[in-house]
Amino acid sequence: MIEKELYELLVRSFDDELNSGEKRKLEKALASSGELRSEKKKIQTMRKIIASKQYSFNPGFKNRIMVRIEEEKKSFILKSDFNRTLFSVFKRVALTGVAAIIILLLSIYLSDYSFSLDSFTGGDPYSDDNLVSYLLYEDLND
Amino acid sequence: MKDLSGLGESELIELAREGNDRAFGVIVSRYEQQVARTAIGMLGDTDEAEDVGQETFIRFYRSLHKFRGESALGTYLTRIAINLSLNEINKKKKTISLFYKNGETDESMYEVPQPGDKFAEADSKEQIDKALQQIDPDFRSVIVLRLIEGYSTRETAKILNLPLGTVLSRLSRAQKNLREILTSLI
C-alpha cells in the first residue's frame with residue numbers, strides 16, 4: 001500500500017517543481033518501493049496515451065466554416081441594408097417634422113407677433129391668466 | 001492566385017481583416033487540429049464538439065479587428081474553445097437537471113468501465129477518452145490543456161484565468177481520478 005503523502009508527491013512531481021526535501025523523500029521512496037515505481041510507470045503511460053491522442057473534426061470542417069462566414073456576411077449586408085433604409089426613412093420623417101414645427105412657429109409669430117405662452121395656447125392675453133378664477137367667473141355667470 | 005499558406009500569422013490576420021476570406025481559410029486549416037484537441041478533449045467526439053469548433057472560428061472572425069496579438073493566435077483560439085466547451089457542459093448539466101429529479105440520474109451517463117464488459121474491451125485510447133469524459137469538467141480542462149495541448153502549467157493557469165496553485169492541485173486530483181477509473185486498463 002502506497003503512503004498517501006508519497007503518492008501525492010509522485011503525482012505532483014510530473015507537473016510541479018518539488019522542493020529539495022520533497023525531491024529527496026520521493027527519490028528515496030522510489031528506490032525502496034517497487035509498488036511506487038510501478039505506479040510511476042503507470043502514470044507515465046497514462047500521460048503518454050493522453051498526450052498521443054489524435055483529435056480531428058470530420059472532413060470538410062474548413063468548408064463548413066467558410067459557408068457559415070459567407071452566410072454571416074450576407075446577413076450582415078441584409079442587416080446593414082435594412083438599417084440604411086430605416087435611417088433614410090427616419091431622416092425624411094424627422095426633416096418633415098422639423099419643417100412642420102418651423103412653419104408652425106412662424107405662423108404663430110406672424111399672427112401674434114409674439115412667442116408668449118398665450119400665443120401658443122391660443123388664450124386671450126387680456127383674460128384672467130388664472131384658470132381657477134376663470135372657472136369661478138364662469139360659475140358666477142351661470 | 002497567390003499562395004497564402006506560407007504567410008505568417010500576423011500577415012494572414014491582416015489580410016483577413018481586409019476581407020480576404022482565403023487568408024481566413026488558411027488560419028482555419030492551420031489551427032483546426034488545435035481547436036479539435038480542445039473541443040473533442042472536453043466534449044468527446046460529438047456534434048457539440050464540432051459546433052464548439054465552428055463557433056470558435058466564427059467568434060474569432062467576428063472579433064478579428066479586436067485581436068491585438070497579445071497572446072499567440074493558437075492560445076487565443078484555445079481560450080475561446082475551452083470557454084465555449086465549459087459553457088456547453090453547463091448547458092447540458094442544466095438540461096439534465098430539468099429532466100431528472102434530485103439525485104435521480106441516467107446511470108449510463110456516468111458509467112465507470114468495469115473489466116470484462118464490452119466497454120473494457122475497446123482499445124485503450126477509447127477508454128481514456130471515456131474516462132476523460134467522466135471526470136469533473138474543471139479537472140478535465142486542465143488535463144486537456146496540459147497533457148493534450150501541451151501547455152505548461154503557467155500557460156494553463158493563464159488560459160483558464162486561475163492561480164497556478166489551483167491548476168497544480170486540479171492536475172494532481174484529475175490524474176488521481178483518471179488513474180482510479182483506468183485501474184483495470186493500465
# chains A, B, ... in the order shown; residues from 1 in each chain; ligands from 1
call {"tool": "closest_atom_pairs", "arguments": {"of": "chain B", "to": "chain A", "cutoff": "9 Å", "atoms": "only C-alpha atoms", "output": "tab-separated table"}}
result
residue	atom	partner	partner_atom	distance
B:Asp21	CA	A:Met66	CA	7.8
B:Phe24	CA	A:Met66	CA	8.6
B:Gly25	CA	A:Lys62	CA	6.7
B:Val26	CA	A:Lys62	CA	8.9
B:Val28	CA	A:Lys62	CA	6.2
B:Ser29	CA	A:Lys62	CA	6.5
B:Glu32	CA	A:Ser56	CA	7.6
B:Gln33	CA	A:Ser56	CA	5.7
B:Gln34	CA	A:Tyr55	CA	8.4
B:Val35	CA	A:Ser56	CA	8.7
B:Ala36	CA	A:Ser56	CA	5.3
B:Arg37	CA	A:Tyr55	CA	5.1
B:Thr38	CA	A:Tyr55	CA	8.6
B:Ile40	CA	A:Tyr55	CA	6.7
B:Gly41	CA	A:Tyr55	CA	7.8
B:Asp45	CA	A:Phe57	CA	8.2
B:Ala49	CA	A:Phe57	CA	8.3
B:Glu50	CA	A:Phe57	CA	6.4
B:Gly53	CA	A:Phe57	CA	8.2
B:Gln54	CA	A:Ile65	CA	6.0
B:Glu55	CA	A:Ile65	CA	8.6
B:Phe57	CA	A:Ile65	CA	7.4
B:Ile58	CA	A:Ile69	CA	7.0
B:Tyr61	CA	A:Ile69	CA	8.0
B:Ser124	CA	A:Ile49	CA	8.1
B:Lys125	CA	A:Ile49	CA	6.7
B:Ile128	CA	A:Ile50	CA	7.1
B:Asp129	CA	A:Ile50	CA	8.3
B:Ile143	CA	A:Ile50	CA	8.7
B:Val144	CA	A:Ile50	CA	8.7
B:Arg146	CA	A:Ala51	CA	8.9
B:Leu147	CA	A:Ala51	CA	5.2
B:Ile148	CA	A:Ala51	CA	4.7
B:Glu149	CA	A:Ala51	CA	7.7
B:Gly150	CA	A:Ala51	CA	7.6
B:Ser152	CA	A:Asp15	CA	8.3
B:Thr153	CA	A:Asp15	CA	7.0
B:Leu168	CA	A:Asp16	CA	6.9
B:Ser169	CA	A:Arg12	CA	8.1
B:Leu171	CA	A:Asp15	CA	8.0
B:Ser172	CA	A:Val11	CA	5.7
B:Arg173	CA	A:Val11	CA	8.6
B:Gln175	CA	A:Val11	CA	7.3
B:Lys176	CA	A:Val11	CA	7.7
B:Leu178	CA	A:Met46	CA	8.5
B:Arg179	CA	A:Ile43	CA	7.2
B:Leu182	CA	A:Met46	CA	8.8
B:Ile186	CA	A:Lys42	CA	6.0
call {"tool": "residues_around", "arguments": {"residues": "stretch 1-16 of chain B", "least_positions_apart": "5", "cutoff": "12 Å", "atoms": "only C-alpha atoms", "output": "ChimeraX atom specification"}}
result
/A:69 /B:21-31,60-74
call {"tool": "residues_around", "arguments": {"residues": "B:Asn83", "least_positions_apart": "2", "cutoff": "12 Å", "atoms": "only C-alpha atoms", "output": "VMD selection string"}}
result
chain B and resid 35 38 to 39 42 to 43 52 to 53 55 to 56 59 76 to 81 85 to 90 137 to 138 141 159 to 161
call {"tool": "select_by_dssp", "arguments": {"residues": "stretch 2-142 of chain A", "states": "alpha helix (DSSP H)", "output": "ChimeraX atom specification"}}
result
/A:4-13,20-32,34-52,61-112,117-121,131-141
call {"tool": "atom_distance", "arguments": {"atom1": "atom CA of B:Glu48", "atom2": "atom CA of B:Leu84"}}
result
10.1 Å
call {"tool": "decode", "arguments": {"residues": "stretch 97-124 of chain A", "atoms": "N, CA, C and O atoms", "output": "compact mmCIF listing (two decimals), in the first residue's frame"}}
result
# COMPACT_ATOMS: atom_id res chain seq x y z
N GLY A 97 -40.87 66.68 -39.93
CA GLY A 97 -41.32 67.12 -38.60
C GLY A 97 -40.72 68.47 -38.23
O GLY A 97 -41.43 69.38 -37.79
N VAL A 98 -39.43 68.59 -38.45
CA VAL A 98 -38.73 69.84 -38.12
C VAL A 98 -39.31 70.99 -38.96
O VAL A 98 -39.58 72.09 -38.45
N ALA A 99 -39.54 70.73 -40.27
CA ALA A 99 -40.10 71.76 -41.15
C ALA A 99 -41.49 72.17 -40.65
O ALA A 99 -41.81 73.38 -40.63
N ALA A 100 -42.30 71.19 -40.25
CA ALA A 100 -43.65 71.47 -39.76
C ALA A 100 -43.59 72.35 -38.51
O ALA A 100 -44.36 73.31 -38.38
N ILE A 101 -42.65 72.04 -37.63
CA ILE A 101 -42.52 72.83 -36.38
C ILE A 101 -42.13 74.27 -36.72
O ILE A 101 -42.68 75.23 -36.18
N ILE A 102 -41.17 74.43 -37.67
CA ILE A 102 -40.72 75.78 -38.04
C ILE A 102 -41.88 76.59 -38.64
O ILE A 102 -42.11 77.75 -38.28
N ILE A 103 -42.65 75.93 -39.53
CA ILE A 103 -43.80 76.61 -40.16
C ILE A 103 -44.80 77.03 -39.09
O ILE A 103 -45.32 78.15 -39.09
N LEU A 104 -45.04 76.10 -38.13
CA LEU A 104 -46.00 76.39 -37.06
C LEU A 104 -45.53 77.60 -36.24
O LEU A 104 -46.32 78.51 -35.94
N LEU A 105 -44.24 77.61 -35.89
CA LEU A 105 -43.69 78.71 -35.10
C LEU A 105 -43.82 80.03 -35.85
O LEU A 105 -44.20 81.06 -35.29
N LEU A 106 -43.49 79.96 -37.16
CA LEU A 106 -43.57 81.17 -37.98
C LEU A 106 -45.01 81.70 -38.04
O LEU A 106 -45.24 82.90 -37.90
N SER A 107 -45.95 80.76 -38.26
CA SER A 107 -47.34 81.19 -38.38
C SER A 107 -47.83 81.79 -37.06
O SER A 107 -48.57 82.78 -37.06
N ILE A 108 -47.39 81.22 -35.93
CA ILE A 108 -47.77 81.78 -34.63
C ILE A 108 -47.20 83.18 -34.48
O ILE A 108 -47.89 84.12 -34.08
N TYR A 109 -45.95 83.31 -34.86
CA TYR A 109 -45.30 84.61 -34.69
C TYR A 109 -45.94 85.66 -35.59
O TYR A 109 -46.19 86.80 -35.18
N LEU A 110 -46.25 85.23 -36.83
CA LEU A 110 -46.85 86.19 -37.78
C LEU A 110 -48.26 86.62 -37.37
O LEU A 110 -48.68 87.75 -37.64
N SER A 111 -48.99 85.71 -36.71
CA SER A 111 -50.35 86.08 -36.31
C SER A 111 -50.36 86.88 -35.02
O SER A 111 -51.17 87.76 -34.84
N ASP A 112 -49.46 86.57 -34.06
CA ASP A 112 -49.49 87.26 -32.75
C ASP A 112 -48.30 88.19 -32.52
O ASP A 112 -48.26 88.88 -31.51
N TYR A 113 -47.31 88.15 -33.36
CA TYR A 113 -46.06 88.90 -33.18
C TYR A 113 -45.44 88.63 -31.81
O TYR A 113 -44.87 89.50 -31.19
N SER A 114 -45.61 87.42 -31.35
CA SER A 114 -45.05 87.08 -30.03
C SER A 114 -44.90 85.56 -29.91
O SER A 114 -45.60 84.81 -30.60
N PHE A 115 -43.98 85.17 -29.00
CA PHE A 115 -43.82 83.74 -28.72
C PHE A 115 -44.26 83.45 -27.28
O PHE A 115 -43.75 82.56 -26.63
N SER A 116 -45.20 84.24 -26.78
CA SER A 116 -45.64 84.04 -25.39
C SER A 116 -46.45 82.75 -25.28
O SER A 116 -46.90 82.19 -26.28
N LEU A 117 -46.67 82.34 -24.02
CA LEU A 117 -47.42 81.11 -23.78
C LEU A 117 -48.84 81.23 -24.31
O LEU A 117 -49.40 80.28 -24.88
N ASP A 118 -49.40 82.42 -24.17
CA ASP A 118 -50.77 82.64 -24.64
C ASP A 118 -50.88 82.48 -26.15
O ASP A 118 -51.85 81.92 -26.66
N SER A 119 -49.83 82.93 -26.86
CA SER A 119 -49.89 82.81 -28.32
C SER A 119 -49.81 81.34 -28.74
O SER A 119 -50.37 80.93 -29.74
N PHE A 120 -49.11 80.54 -27.90
CA PHE A 120 -49.02 79.10 -28.21
C PHE A 120 -50.32 78.38 -27.87
O PHE A 120 -50.78 77.53 -28.61
N THR A 121 -50.90 78.74 -26.70
CA THR A 121 -52.11 78.02 -26.26
C THR A 121 -53.37 78.61 -26.88
O THR A 121 -54.43 78.01 -26.79
N GLY A 122 -53.23 79.78 -27.49
CA GLY A 122 -54.40 80.39 -28.12
C GLY A 122 -55.27 81.13 -27.12
O GLY A 122 -56.39 81.50 -27.43
N GLY A 123 -54.76 81.37 -25.88
CA GLY A 123 -55.52 82.06 -24.85
C GLY A 123 -55.54 83.56 -25.10
O GLY A 123 -54.70 84.11 -25.83
N ASP A 124 -56.52 84.22 -24.49
CA ASP A 124 -56.63 85.67 -24.65
C ASP A 124 -55.68 86.34 -23.66
O ASP A 124 -55.78 86.13 -22.46
